[in-house]
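Trainee: Dropping in input-v1.cif, with mmCIF, C-alpha atoms and all ligand atoms.
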data_input
#
loop_
_atom_site.label_atom_id
_atom_site.label_comp_id
_atom_site.auth_asym_id
_atom_site.auth_seq_id
_atom_site.Cartn_x
_atom_site.Cartn_y
_atom_site.Cartn_z
CA MET A 17 24.64 -22.89 -11.10
CA ALA A 18 22.88 -22.17 -7.81
CA MET A 19 19.45 -20.58 -7.84
CA PRO A 20 19.79 -16.80 -8.12
CA ARG A 21 18.37 -14.36 -5.63
CA SER A 22 16.38 -11.32 -6.70
CA LYS A 23 17.84 -7.87 -6.30
CA ILE A 24 16.23 -4.47 -6.60
CA ALA A 25 17.97 -3.14 -9.71
CA GLY A 26 16.07 0.14 -9.86
CA ILE A 27 13.56 2.04 -7.73
CA GLY A 28 11.40 5.09 -8.40
CA LYS A 29 8.59 7.07 -6.84
CA TYR A 30 5.95 9.54 -7.89
CA VAL A 31 3.76 11.70 -5.70
CA PRO A 32 1.20 14.18 -7.01
CA GLN A 33 1.96 17.88 -6.72
CA GLN A 34 -0.99 18.89 -4.58
CA VAL A 35 -0.05 19.04 -0.89
CA VAL A 36 -3.03 18.83 1.49
CA THR A 37 -2.23 19.88 5.04
CA ASN A 38 -4.22 18.93 8.14
CA GLN A 39 -5.37 22.53 8.22
CA HIS A 40 -6.84 22.12 4.72
CA LEU A 41 -8.99 19.23 5.94
CA THR A 42 -10.59 21.36 8.66
CA GLN A 43 -12.53 23.12 5.88
CA TYR A 44 -14.50 19.92 5.26
CA MET A 45 -14.69 18.12 8.60
CA ASP A 46 -14.49 18.67 12.31
CA THR A 47 -10.83 17.84 12.95
CA ASN A 48 -7.63 19.65 13.82
CA ASP A 49 -3.90 19.55 13.24
CA ASP A 50 -3.12 18.62 16.86
CA TRP A 51 -5.44 15.59 16.88
CA ILE A 52 -4.12 14.27 13.58
CA GLN A 53 -0.44 14.75 14.44
CA GLU A 54 -0.80 13.39 17.95
CA ARG A 55 -2.67 10.22 16.90
CA THR A 56 -1.01 9.52 13.54
CA GLY A 57 2.11 11.69 13.07
CA ILE A 58 0.71 12.96 9.77
CA LYS A 59 1.28 16.63 8.88
CA GLU A 60 0.29 16.55 5.21
CA ARG A 61 -0.48 14.21 2.34
CA ARG A 62 -0.67 14.46 -1.46
CA TYR A 63 -3.85 14.25 -3.53
CA ALA A 64 -3.79 13.34 -7.20
CA HIS A 65 -5.28 15.60 -9.82
CA ARG A 66 -9.00 14.82 -9.85
CA THR A 67 -9.34 14.00 -13.53
CA GLU A 68 -5.87 13.84 -15.05
CA GLU A 69 -4.16 11.45 -12.65
CA THR A 70 -5.14 7.90 -11.86
CA THR A 71 -3.56 5.08 -9.89
CA THR A 72 -2.09 3.81 -13.16
CA THR A 73 -0.72 7.14 -14.38
CA MET A 74 1.08 7.61 -11.06
CA GLY A 75 2.34 4.04 -11.15
CA VAL A 76 3.62 4.57 -14.68
CA GLU A 77 5.60 7.68 -13.65
CA ALA A 78 7.23 5.76 -10.80
CA ALA A 79 7.88 2.80 -13.11
CA LYS A 80 9.64 4.95 -15.71
CA ILE A 81 12.13 6.12 -13.07
CA ALA A 82 12.68 2.61 -11.69
CA ILE A 83 13.25 1.22 -15.20
CA GLU A 84 15.68 4.00 -16.10
CA ARG A 85 17.62 3.59 -12.86
CA ALA A 86 17.91 -0.12 -13.61
CA GLY A 87 19.54 0.88 -16.91
CA LEU A 88 16.67 -0.63 -18.89
CA THR A 89 13.88 0.44 -21.22
CA PRO A 90 10.23 -0.66 -20.91
CA ALA A 91 10.88 -3.16 -23.73
CA ASP A 92 13.21 -5.10 -21.40
CA ILE A 93 10.52 -5.76 -18.78
CA ASP A 94 9.19 -9.31 -19.00
CA PHE A 95 6.52 -9.30 -16.26
CA ILE A 96 4.43 -6.76 -14.31
CA VAL A 97 2.98 -7.09 -10.81
CA PHE A 98 0.75 -4.20 -9.73
CA ALA A 99 -0.51 -3.81 -6.16
CA THR A 100 -3.38 -1.44 -5.37
CA LEU A 101 -6.75 -1.22 -3.65
CA SER A 102 -7.81 1.79 -5.71
CA PRO A 103 -7.62 0.58 -9.32
CA ASP A 104 -8.61 2.70 -12.31
CA TYR A 105 -11.35 0.18 -13.11
CA TYR A 106 -13.22 -2.47 -11.12
CA PHE A 107 -11.76 -4.66 -13.86
CA PRO A 108 -9.40 -5.01 -15.68
CA GLY A 109 -6.60 -4.32 -13.25
CA CYS A 110 -3.87 -1.69 -13.48
CA GLY A 111 -1.17 -4.11 -14.69
CA VAL A 112 -2.49 -4.22 -18.25
CA LEU A 113 -2.92 -0.43 -18.26
CA VAL A 114 0.79 -0.10 -17.44
CA GLN A 115 1.63 -2.57 -20.22
CA ARG A 116 -0.32 -0.35 -22.62
CA ALA A 117 0.96 2.98 -21.33
CA LEU A 118 4.60 1.91 -21.62
CA ASN A 119 4.13 0.23 -25.02
CA MET A 120 5.50 -3.01 -23.66
CA GLY A 121 5.47 -6.35 -25.40
CA GLU A 122 2.67 -8.85 -24.78
CA ILE A 123 4.12 -9.76 -21.39
CA GLY A 124 2.24 -11.10 -18.38
CA ALA A 125 0.59 -8.59 -16.06
CA LEU A 126 -0.72 -9.54 -12.63
CA ASP A 127 -2.69 -7.49 -10.11
CA VAL A 128 -2.36 -8.01 -6.38
CA ARG A 129 -5.08 -6.85 -3.99
CA ASN A 130 -3.64 -7.14 -0.54
CA GLN A 131 -4.07 -3.55 0.53
CA CYS A 132 -1.34 -2.29 2.88
CA SER A 133 0.73 -5.44 2.50
CA GLY A 134 0.13 -5.49 -1.26
CA PHE A 135 3.60 -4.37 -2.22
CA VAL A 136 5.41 -6.90 -0.02
CA TYR A 137 3.12 -9.64 -1.37
CA ALA A 138 3.81 -8.44 -4.94
CA LEU A 139 7.54 -8.40 -4.28
CA SER A 140 7.35 -11.95 -2.94
CA VAL A 141 5.48 -13.15 -6.04
CA ALA A 142 8.05 -11.50 -8.31
CA ASP A 143 10.88 -12.96 -6.21
CA GLN A 144 9.64 -16.50 -6.86
CA PHE A 145 9.54 -15.94 -10.64
CA ILE A 146 13.11 -14.56 -10.60
CA LYS A 147 14.47 -17.39 -8.45
CA THR A 148 13.02 -20.08 -10.71
CA GLY A 149 14.48 -18.32 -13.76
CA MET A 150 11.11 -17.71 -15.40
CA TYR A 151 11.65 -13.94 -15.72
CA LYS A 152 14.67 -11.61 -15.70
CA ASN A 153 13.29 -8.07 -15.32
CA ILE A 154 10.09 -7.79 -13.31
CA LEU A 155 8.37 -4.47 -12.71
CA VAL A 156 6.65 -4.34 -9.31
CA ILE A 157 4.41 -1.32 -8.66
CA GLY A 158 2.45 -0.12 -5.64
CA ALA A 159 0.13 2.84 -6.21
CA GLU A 160 -3.01 4.38 -4.74
CA LYS A 161 -5.43 7.19 -5.45
CA HIS A 162 -7.28 7.23 -2.13
CA SER A 163 -8.49 10.81 -2.49
CA PHE A 164 -10.95 9.61 -5.10
CA GLY A 165 -13.15 7.75 -2.63
CA LEU A 166 -12.87 9.07 0.92
CA ASP A 167 -15.66 10.48 3.04
CA PHE A 168 -14.58 14.07 3.62
CA SER A 169 -17.42 14.79 6.01
CA THR A 170 -16.97 14.60 9.80
CA ARG A 171 -18.54 11.14 9.69
CA GLY A 172 -15.52 9.77 7.80
CA ARG A 173 -12.77 11.72 9.58
CA ASN A 174 -11.16 8.76 11.37
CA VAL A 175 -10.35 7.25 7.95
CA SER A 176 -10.00 10.19 5.60
CA VAL A 177 -7.32 12.09 7.54
CA ILE A 178 -5.00 9.07 7.39
CA PHE A 179 -4.82 8.24 3.70
CA GLY A 180 -2.88 9.86 0.86
CA ASP A 181 -2.06 9.28 -2.80
CA GLY A 182 1.20 8.21 -4.41
CA ALA A 183 3.12 5.50 -6.23
CA ALA A 184 6.44 3.71 -6.24
CA ALA A 185 8.00 0.92 -8.27
CA VAL A 186 10.98 -1.39 -8.37
CA VAL A 187 12.61 -3.53 -11.02
CA LEU A 188 13.67 -6.97 -9.78
CA GLN A 189 16.52 -8.86 -11.45
CA PRO A 190 18.44 -12.04 -10.69
CA THR A 191 21.79 -11.76 -8.90
CA HIS A 192 24.40 -14.38 -8.09
CA GLN A 193 26.33 -12.15 -5.70
CA ALA A 194 26.60 -13.69 -2.24
CA ASN A 195 25.90 -10.56 -0.25
CA GLN A 196 22.99 -9.16 -2.24
CA GLY A 197 19.30 -9.60 -2.84
CA ILE A 198 16.09 -10.75 -1.18
CA LEU A 199 16.95 -13.29 1.55
CA SER A 200 13.38 -14.34 2.31
CA THR A 201 9.76 -13.21 2.29
CA HIS A 202 7.00 -14.13 4.75
CA LEU A 203 3.28 -13.83 4.01
CA HIS A 204 0.32 -14.16 6.39
CA SER A 205 -3.40 -13.59 6.63
CA ASP A 206 -6.28 -13.87 9.07
CA GLY A 207 -9.66 -13.36 7.43
CA HIS A 208 -11.62 -13.46 10.66
CA SER A 209 -11.41 -9.67 10.85
CA ALA A 210 -11.96 -9.01 7.15
CA GLU A 211 -14.76 -6.50 7.79
CA ILE A 212 -12.82 -4.42 10.35
CA LEU A 213 -10.95 -2.51 7.66
CA ALA A 214 -12.82 -2.81 4.42
CA MET A 215 -14.70 -1.21 1.58
CA TYR A 216 -17.73 -3.44 1.17
CA ASN A 217 -19.17 -2.05 -2.04
CA PRO A 218 -19.45 -2.70 -4.86
CA GLY A 219 -19.33 -6.37 -3.99
CA THR A 220 -21.31 -9.57 -4.41
CA HIS A 221 -22.12 -9.76 -0.69
CA ALA A 222 -24.81 -7.19 -1.40
CA ASN A 223 -27.90 -7.26 -3.54
CA HIS A 224 -27.62 -6.85 -7.30
CA TRP A 225 -26.43 -3.71 -8.99
CA VAL A 226 -29.43 -3.64 -11.24
CA PRO A 227 -33.03 -4.83 -11.05
CA GLN A 228 -33.18 -8.43 -12.21
CA PRO A 229 -35.59 -9.14 -15.05
CA VAL A 230 -36.28 -12.56 -13.54
CA ALA A 231 -39.67 -13.64 -12.28
CA HIS A 232 -38.62 -15.07 -8.92
CA PHE A 233 -37.31 -11.73 -7.63
CA ASP A 234 -40.02 -10.04 -5.68
CA GLU A 235 -40.74 -6.33 -5.64
CA ALA A 236 -39.25 -5.80 -2.20
CA GLU A 237 -35.91 -7.21 -3.32
CA ILE A 238 -35.90 -5.11 -6.45
CA GLY A 239 -36.46 -2.12 -4.21
CA GLN A 240 -33.10 -2.78 -2.52
CA MET A 241 -30.95 -2.57 -5.62
CA PHE A 242 -27.28 -1.99 -5.21
CA MET A 243 -26.30 1.44 -3.99
CA SER A 244 -29.70 2.74 -3.13
CA HIS A 245 -29.90 6.23 -1.68
CA ALA A 246 -30.29 4.61 1.73
CA MET A 247 -26.97 2.83 1.32
CA ILE A 248 -25.28 6.03 0.25
CA ASP A 249 -26.84 7.86 3.20
CA ASP A 250 -25.47 5.07 5.40
CA ALA A 251 -21.91 5.68 4.07
CA GLN A 252 -21.76 2.21 2.53
CA ASN A 253 -19.90 3.58 -0.49
CA PHE A 254 -16.91 4.49 1.69
CA PRO A 255 -14.14 2.51 3.37
CA TYR A 256 -14.86 1.41 6.94
CA MET A 257 -12.20 1.12 9.65
CA ASP A 258 -12.33 0.17 13.31
CA GLY A 259 -9.15 2.10 14.10
CA PRO A 260 -8.46 0.84 17.63
CA ALA A 261 -8.96 -2.82 16.57
CA VAL A 262 -6.54 -2.36 13.66
CA PHE A 263 -4.00 -0.70 15.94
CA LYS A 264 -4.13 -3.56 18.48
CA LYS A 265 -3.54 -6.28 15.91
CA ALA A 266 -0.88 -4.28 14.01
CA VAL A 267 1.36 -3.80 17.03
CA VAL A 268 1.43 -7.59 17.55
CA LYS A 269 1.84 -8.71 13.94
CA PHE A 270 4.46 -6.17 12.82
CA PRO A 271 7.11 -7.27 15.35
CA GLU A 272 6.16 -10.94 14.85
CA VAL A 273 6.65 -10.93 11.08
CA ILE A 274 9.89 -8.93 11.32
CA MET A 275 11.30 -11.36 13.90
CA GLU A 276 10.18 -14.26 11.70
CA ALA A 277 12.23 -12.88 8.79
CA LEU A 278 15.28 -12.28 10.98
CA ALA A 279 15.07 -15.72 12.62
CA ALA A 280 14.70 -17.44 9.23
CA ASN A 281 18.09 -15.99 8.30
CA GLY A 282 19.82 -16.43 11.65
CA LEU A 283 19.85 -12.68 12.27
CA GLN A 284 18.72 -10.33 15.01
CA ALA A 285 17.09 -6.91 15.16
CA SER A 286 20.45 -5.37 16.04
CA ASN A 287 21.78 -6.57 12.64
CA LEU A 288 19.26 -4.43 10.76
CA ASN A 289 20.59 -1.36 8.98
CA LEU A 290 17.10 -0.20 8.13
CA LEU A 291 13.53 -1.22 8.85
CA ILE A 292 10.95 0.17 6.44
CA PRO A 293 7.61 -0.38 8.13
CA HIS A 294 4.43 0.21 6.16
CA GLN A 295 3.47 3.78 6.97
CA ALA A 296 0.13 3.02 8.63
CA ASN A 297 0.48 5.35 11.57
CA LEU A 298 3.62 6.83 13.12
CA ARG A 299 2.49 5.59 16.56
CA ILE A 300 2.45 2.01 15.30
CA ALA A 301 5.92 2.40 13.76
CA GLN A 302 7.26 3.89 17.00
CA TYR A 303 5.77 1.07 19.04
CA VAL A 304 7.39 -1.51 16.74
CA GLN A 305 10.73 0.31 16.94
CA GLN A 306 10.61 0.27 20.72
CA LYS A 307 9.51 -3.36 20.90
CA LEU A 308 12.45 -4.44 18.69
CA GLY A 309 14.91 -2.15 20.47
CA LEU A 310 15.82 -0.28 17.28
CA THR A 311 17.39 3.19 17.17
CA ASP A 312 15.87 6.09 15.23
CA ALA A 313 18.56 5.59 12.57
CA GLN A 314 17.41 1.99 12.03
CA VAL A 315 13.82 2.91 11.10
CA TYR A 316 12.65 5.04 8.18
CA ASN A 317 9.35 6.90 8.41
CA ASN A 318 7.86 9.42 6.01
CA ILE A 319 4.16 9.23 6.89
CA GLN A 320 4.49 12.82 8.15
CA HIS A 321 4.50 14.02 4.53
CA TYR A 322 2.48 11.44 2.61
CA GLY A 323 -0.02 9.92 5.04
CA ASN A 324 -0.79 6.23 4.59
CA THR A 325 -0.44 5.41 0.90
CA THR A 326 -1.31 1.71 1.37
CA ALA A 327 0.30 -0.35 -1.44
CA ALA A 328 2.63 2.54 -2.30
CA SER A 329 3.81 3.16 1.23
CA VAL A 330 6.64 0.62 1.61
CA PRO A 331 8.32 1.28 -1.77
CA LEU A 332 7.74 5.04 -1.39
CA ALA A 333 9.61 5.02 1.93
CA LEU A 334 12.29 2.68 0.59
CA CYS A 335 12.82 4.90 -2.46
CA GLU A 336 13.02 8.06 -0.39
CA ALA A 337 15.44 6.42 2.07
CA TRP A 338 17.62 5.28 -0.85
CA GLU A 339 17.51 8.74 -2.47
CA ASN A 340 18.58 10.22 0.89
CA GLY A 341 21.61 7.93 1.05
CA LYS A 342 20.20 5.79 3.86
CA VAL A 343 20.34 2.51 1.93
CA ASN A 344 23.77 1.38 0.76
CA PRO A 345 25.22 -1.75 -0.87
CA GLY A 346 25.33 -4.65 1.57
CA ASP A 347 22.87 -3.06 4.01
CA LEU A 348 20.41 -5.40 5.71
CA VAL A 349 16.93 -3.96 5.05
CA CYS A 350 13.61 -5.29 6.31
CA LEU A 351 10.31 -4.34 4.66
CA ALA A 352 7.24 -5.06 6.76
CA ALA A 353 3.55 -4.40 6.32
CA PHE A 354 0.19 -5.01 7.95
CA GLY A 355 -3.28 -4.08 6.82
CA SER A 356 -6.78 -4.92 5.69
CA GLY A 357 -7.61 -8.60 5.46
CA PHE A 358 -5.94 -8.81 7.84
CA THR A 359 -2.81 -9.53 5.86
CA TRP A 360 0.76 -8.97 6.94
CA ALA A 361 4.13 -9.67 5.39
CA SER A 362 7.86 -9.04 5.53
CA ALA A 363 10.84 -9.20 3.21
CA LEU A 364 14.45 -9.25 4.35
CA LEU A 365 17.06 -8.19 1.84
CA ARG A 366 20.67 -7.19 1.36
CA TRP A 367 20.80 -4.05 -0.76
N1 LIG A 401 -10.23 14.45 14.14
C1 LIG A 401 -10.70 14.68 15.36
N2 LIG A 401 -11.28 13.75 16.11
C2 LIG A 401 -11.39 12.52 15.61
C3 LIG A 401 -10.91 12.20 14.33
C4 LIG A 401 -10.33 13.24 13.58
N3 LIG A 401 -9.83 13.02 12.35
N4 LIG A 401 -11.16 10.90 14.09
C5 LIG A 401 -11.76 10.41 15.17
N5 LIG A 401 -11.91 11.38 16.11
C6 LIG A 401 -12.50 11.28 17.43
C7 LIG A 401 -13.48 10.15 17.54
O1 LIG A 401 -14.74 10.56 17.08
C8 LIG A 401 -13.48 9.88 19.03
O2 LIG A 401 -14.27 10.84 19.65
P1 LIG A 401 -15.14 10.42 20.94
O3 LIG A 401 -14.15 9.97 21.96
O4 LIG A 401 -15.83 11.69 21.26
O5 LIG A 401 -16.04 9.32 20.46
C9 LIG A 401 -12.05 10.14 19.43
O6 LIG A 401 -11.48 10.94 18.38
C10 LIG A 401 -11.22 8.90 19.61
O7 LIG A 401 -11.50 8.01 18.54
P2 LIG A 401 -10.80 6.63 18.39
O8 LIG A 401 -11.14 6.05 17.06
O9 LIG A 401 -11.01 5.80 19.60
O10 LIG A 401 -9.30 7.16 18.40
P3 LIG A 401 -7.95 6.44 18.43
O11 LIG A 401 -7.16 6.98 19.53
O12 LIG A 401 -8.07 4.96 18.31
O13 LIG A 401 -7.30 6.97 17.08
C11 LIG A 401 -6.88 6.22 14.87
C12 LIG A 401 -7.93 6.72 15.84
C13 LIG A 401 -7.59 5.89 13.57
C14 LIG A 401 -5.86 7.30 14.64
C15 LIG A 401 -6.19 4.98 15.46
O14 LIG A 401 -7.15 4.08 15.94
C16 LIG A 401 -5.32 4.30 14.51
O15 LIG A 401 -4.37 4.85 13.99
N6 LIG A 401 -5.58 3.01 14.23
C17 LIG A 401 -4.83 2.27 13.26
C18 LIG A 401 -5.32 2.68 11.94
C19 LIG A 401 -4.42 2.25 10.85
O16 LIG A 401 -3.24 2.11 11.00
N7 LIG A 401 -5.03 2.03 9.68
C20 LIG A 401 -4.34 1.65 8.56
C21 LIG A 401 -4.04 0.20 8.68
S1 LIG A 401 -3.02 -0.30 7.43
#
So, in terms of structure tokens, how does the structure I just supplied come out?
Ligand code: COA
Mentor:
Amino acid sequence: MAMPRSKIAGIGKYVPQQVVTNQHLTQYMDTNDDWIQERTGIKERRYAHRTEETTTTMGVEAAKIAIERAGLTPADIDFIVFATLSPDYYFPGCGVLVQRALNMGEIGALDVRNQCSGFVYALSVADQFIKTGMYKNILVIGAEKHSFGLDFSTRGRNVSVIFGDGAAAVVLQPTHQANQGILSTHLHSDGHSAEILAMYNPGTHANHWVPQPVAHFDEAEIGQMFMSHAMIDDAQNFPYMDGPAVFKKAVVKFPEVIMEALAANGLQASNLNLLIPHQANLRIAQYVQQKLGLTDAQVYNNIQHYGNTTAASVPLALCEAWENGKVNPGDLVCLAAFGSGFTWASALLRW
């Protein structure tokens, strides 16, 4: 029998209850609703409960829905891929925490750290395992709890107004139907700009976390232990973003990677029923739409209500579009993402 394709057999999303409007943010930083909406399209975002919700708990809620909609139980899942940049722990990753939370068997669990393109990368990894026949029911999750680590002072406003919390998940299964499933995925990176959108700490680029009880370390070095007050004062415990530089690269790479997916399958932008761009910034999505000559009906955006949820953003938008009846059997759907790394990716599929 021919190699199967992977299809999305179930999809689910979870967003925390707490809605944070642009107006709310003005209590903490010098910003305003007009600026945020004009530059990003964002009206509001969700923030997870400070202590009771984590990236994993949100991912688990989304996963439960995806698994149920696939007509399965957690016991049927044979592999987990979890994409996030805001894990519960520095290590281990969230995948094993999902395995534990859902009482799954001793299946494999893999974490992907590709930021905004994390979900599309994760989907591509899962797709390869399905196509080779290694696994039959793979759970792919994208989730983020950004609110945990943003700089809510005016200093961090260019970053903190953009990001929101949430989670979404899909279950991938093999299909032999001709007009269904993932047609191709396309993954790229360019590490030359790695520091343009990054959270540097904690990381081994810096000095040690703790004083080293080793003779060859001199006093001056010990004085610059990891996360000194000076580093905290210098905002080095927060994400850094050169917004305009990210914007410039994104508007080139988004159209490129979408066209690459279409060309690989002998298709054109006009054939697309729906483009789900990573919800980085509504202005970027609108630019991409215009560049590809797509109508409003061919592009799904929901950044207005959730902000940029990084690894959760693509499946969150796909899930919402599907729940709203905008994704139907046989539809040609393109998922595309760009973000920190830089990394960018696309997936073209028939629903
Ligand atoms: N509220 C009010 N003013 C703000 C602000 C905020 N939240 N954030 C920044 N500003 C100010 C800046 O301080 C600057 O003021 P100045 O001109 O007095 O120095 C001014 O607005 C313009 O800043 P700049 O960063 O040049 O704005 P911009 O037009 O590039 O918009 C972004 C900033 C972040 C919205 C935009 O660059 C962007 O969306 N980039 C892409 C980011 C992205 O998609 N990231 C996720 C990638 S996956």
Trainee: Under the rule that all atoms listed in the file are counted, which of A:Phe358, A:Phe145, A:Phe98, A:Tyr44 is the nearest residue to Glu211 in chain A?
Mentor: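 Using all atoms listed in the file, Glu211 in chain A sits closest to A:Phe358.
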Trainee: Using only the atoms of ligand LIG 401 (chain A) listed in the file, plus 3 Å on each side, state the axis-aligned box centre and edge lengths in Å rounded to one decimal, as lines of an AutoDock Vina configuration file.
Mentor:
center_x = -9.5
center_y = 7.2
center_z = 14.7
size_x = 19.0
size_y = 21.0
size_z = 20.5
Trainee: Record the distance separating CA of His202 in chain A and CA of Val273 in chain A, expressed in Å with one decimal.
Mentor: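 Value for the CA of His202 in chain A-CA of Val273 in chain A distance: 7.1 Å.
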Trainee: Set the cut-off to 6 Å, count only C-alpha atoms and all ligand atoms, and list whatever residues fall near ligand LIG 401 (chain A) as a ChimeraX atom specification.
Mentor: /A:47-48,51-52,55-56,132,173-174,177,259-260,262-263,296-297,354-355
Trainee: For CA of Gly180 in chain A and CA of Leu332 in chain A, quote the distance in Å rounded to one decimal.
Mentor: 11.9 Å
Trainee: Show me the residues close to (-15.9, 0.7, 9.8) - anything with an atom within 7 Å, counting only C-alpha atoms - and format the list as a list in words.
Mentor: Ile212, Leu213, Pro255, Tyr256, Met257 and Asp258 of chain A
Trainee: Please, what distance in Å, to one decimal, runs between CA of Met150 in chain A and CA of Leu351 in chain A?
Mentor: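 About the pair CA of Met150 in chain A and CA of Leu351 in chain A: they are 24.1 Å apart.
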Trainee: Nearest to Gln131 in chain A among A:Gln189, A:Ser102, A:Thr71, A:Thr201, with distances taken over all atoms listed in the file: which residue is it?
Mentor: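 Ranked by minimum distance to Gln131 in chain A, first place goes to A:Ser102.
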Trainee: Out of A:Leu88, A:Ala183, A:Val315, A:Ala327, which residue has the shortest atom-to-atom distance to Lys342 in chain A when counting only C-alpha atoms?
Mentor: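 Closest to Lys342 in chain A, using only C-alpha atoms: A:Val315.
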Trainee: With distances taken over only C-alpha atoms, which of A:Lys152, A:Arg366, A:Lys29, A:Arg66 is nearest to Asn281 in chain A?
Mentor: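 Under the stated criterion, the closest residue is A:Arg366.
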Trainee: How would you write as a short mmCIF file (atom, residue, chain, number, x, y, z; two decimals) with C-alpha atoms, keeping the file's coordinate frame the residues that get within 9 Å of (17.0, -9.8, 13.2) in the file's frame, counting only C-alpha atoms?
Mentor:
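Dumped everything to point22.cif:
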data_model
loop_
_atom_site.label_atom_id
_atom_site.label_comp_id
_atom_site.auth_asym_id
_atom_site.auth_seq_id
_atom_site.Cartn_x
_atom_site.Cartn_y
_atom_site.Cartn_z
CA ILE A 274 9.89 -8.93 11.32
CA MET A 275 11.30 -11.36 13.90
CA GLU A 276 10.18 -14.26 11.70
CA ALA A 277 12.23 -12.88 8.79
CA LEU A 278 15.28 -12.28 10.98
CA ALA A 279 15.07 -15.72 12.62
CA ALA A 280 14.70 -17.44 9.23
CA ASN A 281 18.09 -15.99 8.30
CA GLY A 282 19.82 -16.43 11.65
CA LEU A 283 19.85 -12.68 12.27
CA GLN A 284 18.72 -10.33 15.01
CA ALA A 285 17.09 -6.91 15.16
CA SER A 286 20.45 -5.37 16.04
CA ASN A 287 21.78 -6.57 12.64
CA LEU A 288 19.26 -4.43 10.76
CA LEU A 308 12.45 -4.44 18.69
CA CYS A 350 13.61 -5.29 6.31
#
Trainee: Nearest to His192 in chain A among A:Ser362, A:Ser22, A:Ser356, A:Gln33, with distances taken over all atoms listed in the file: which residue is it?
Mentor: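 Selected residue with least distance to His192 in chain A: A:Ser22.
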Trainee: Which of these residues is nearest to Ala352 in chain A, using all atoms listed in the file: A:Tyr216, A:Phe135, A:Phe254, A:Phe164?
Mentor: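 Of all the options, A:Phe135 lies closest to Ala352 in chain A.
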Trainee: Just the residues within 8 Å of range 118-124 of chain A, please, counting only C-alpha atoms, with nothing from its chain fewer than 5 positions along; format it as a PyMOL selection string.
Mentor: chain A and resi 76+90-91+93-96
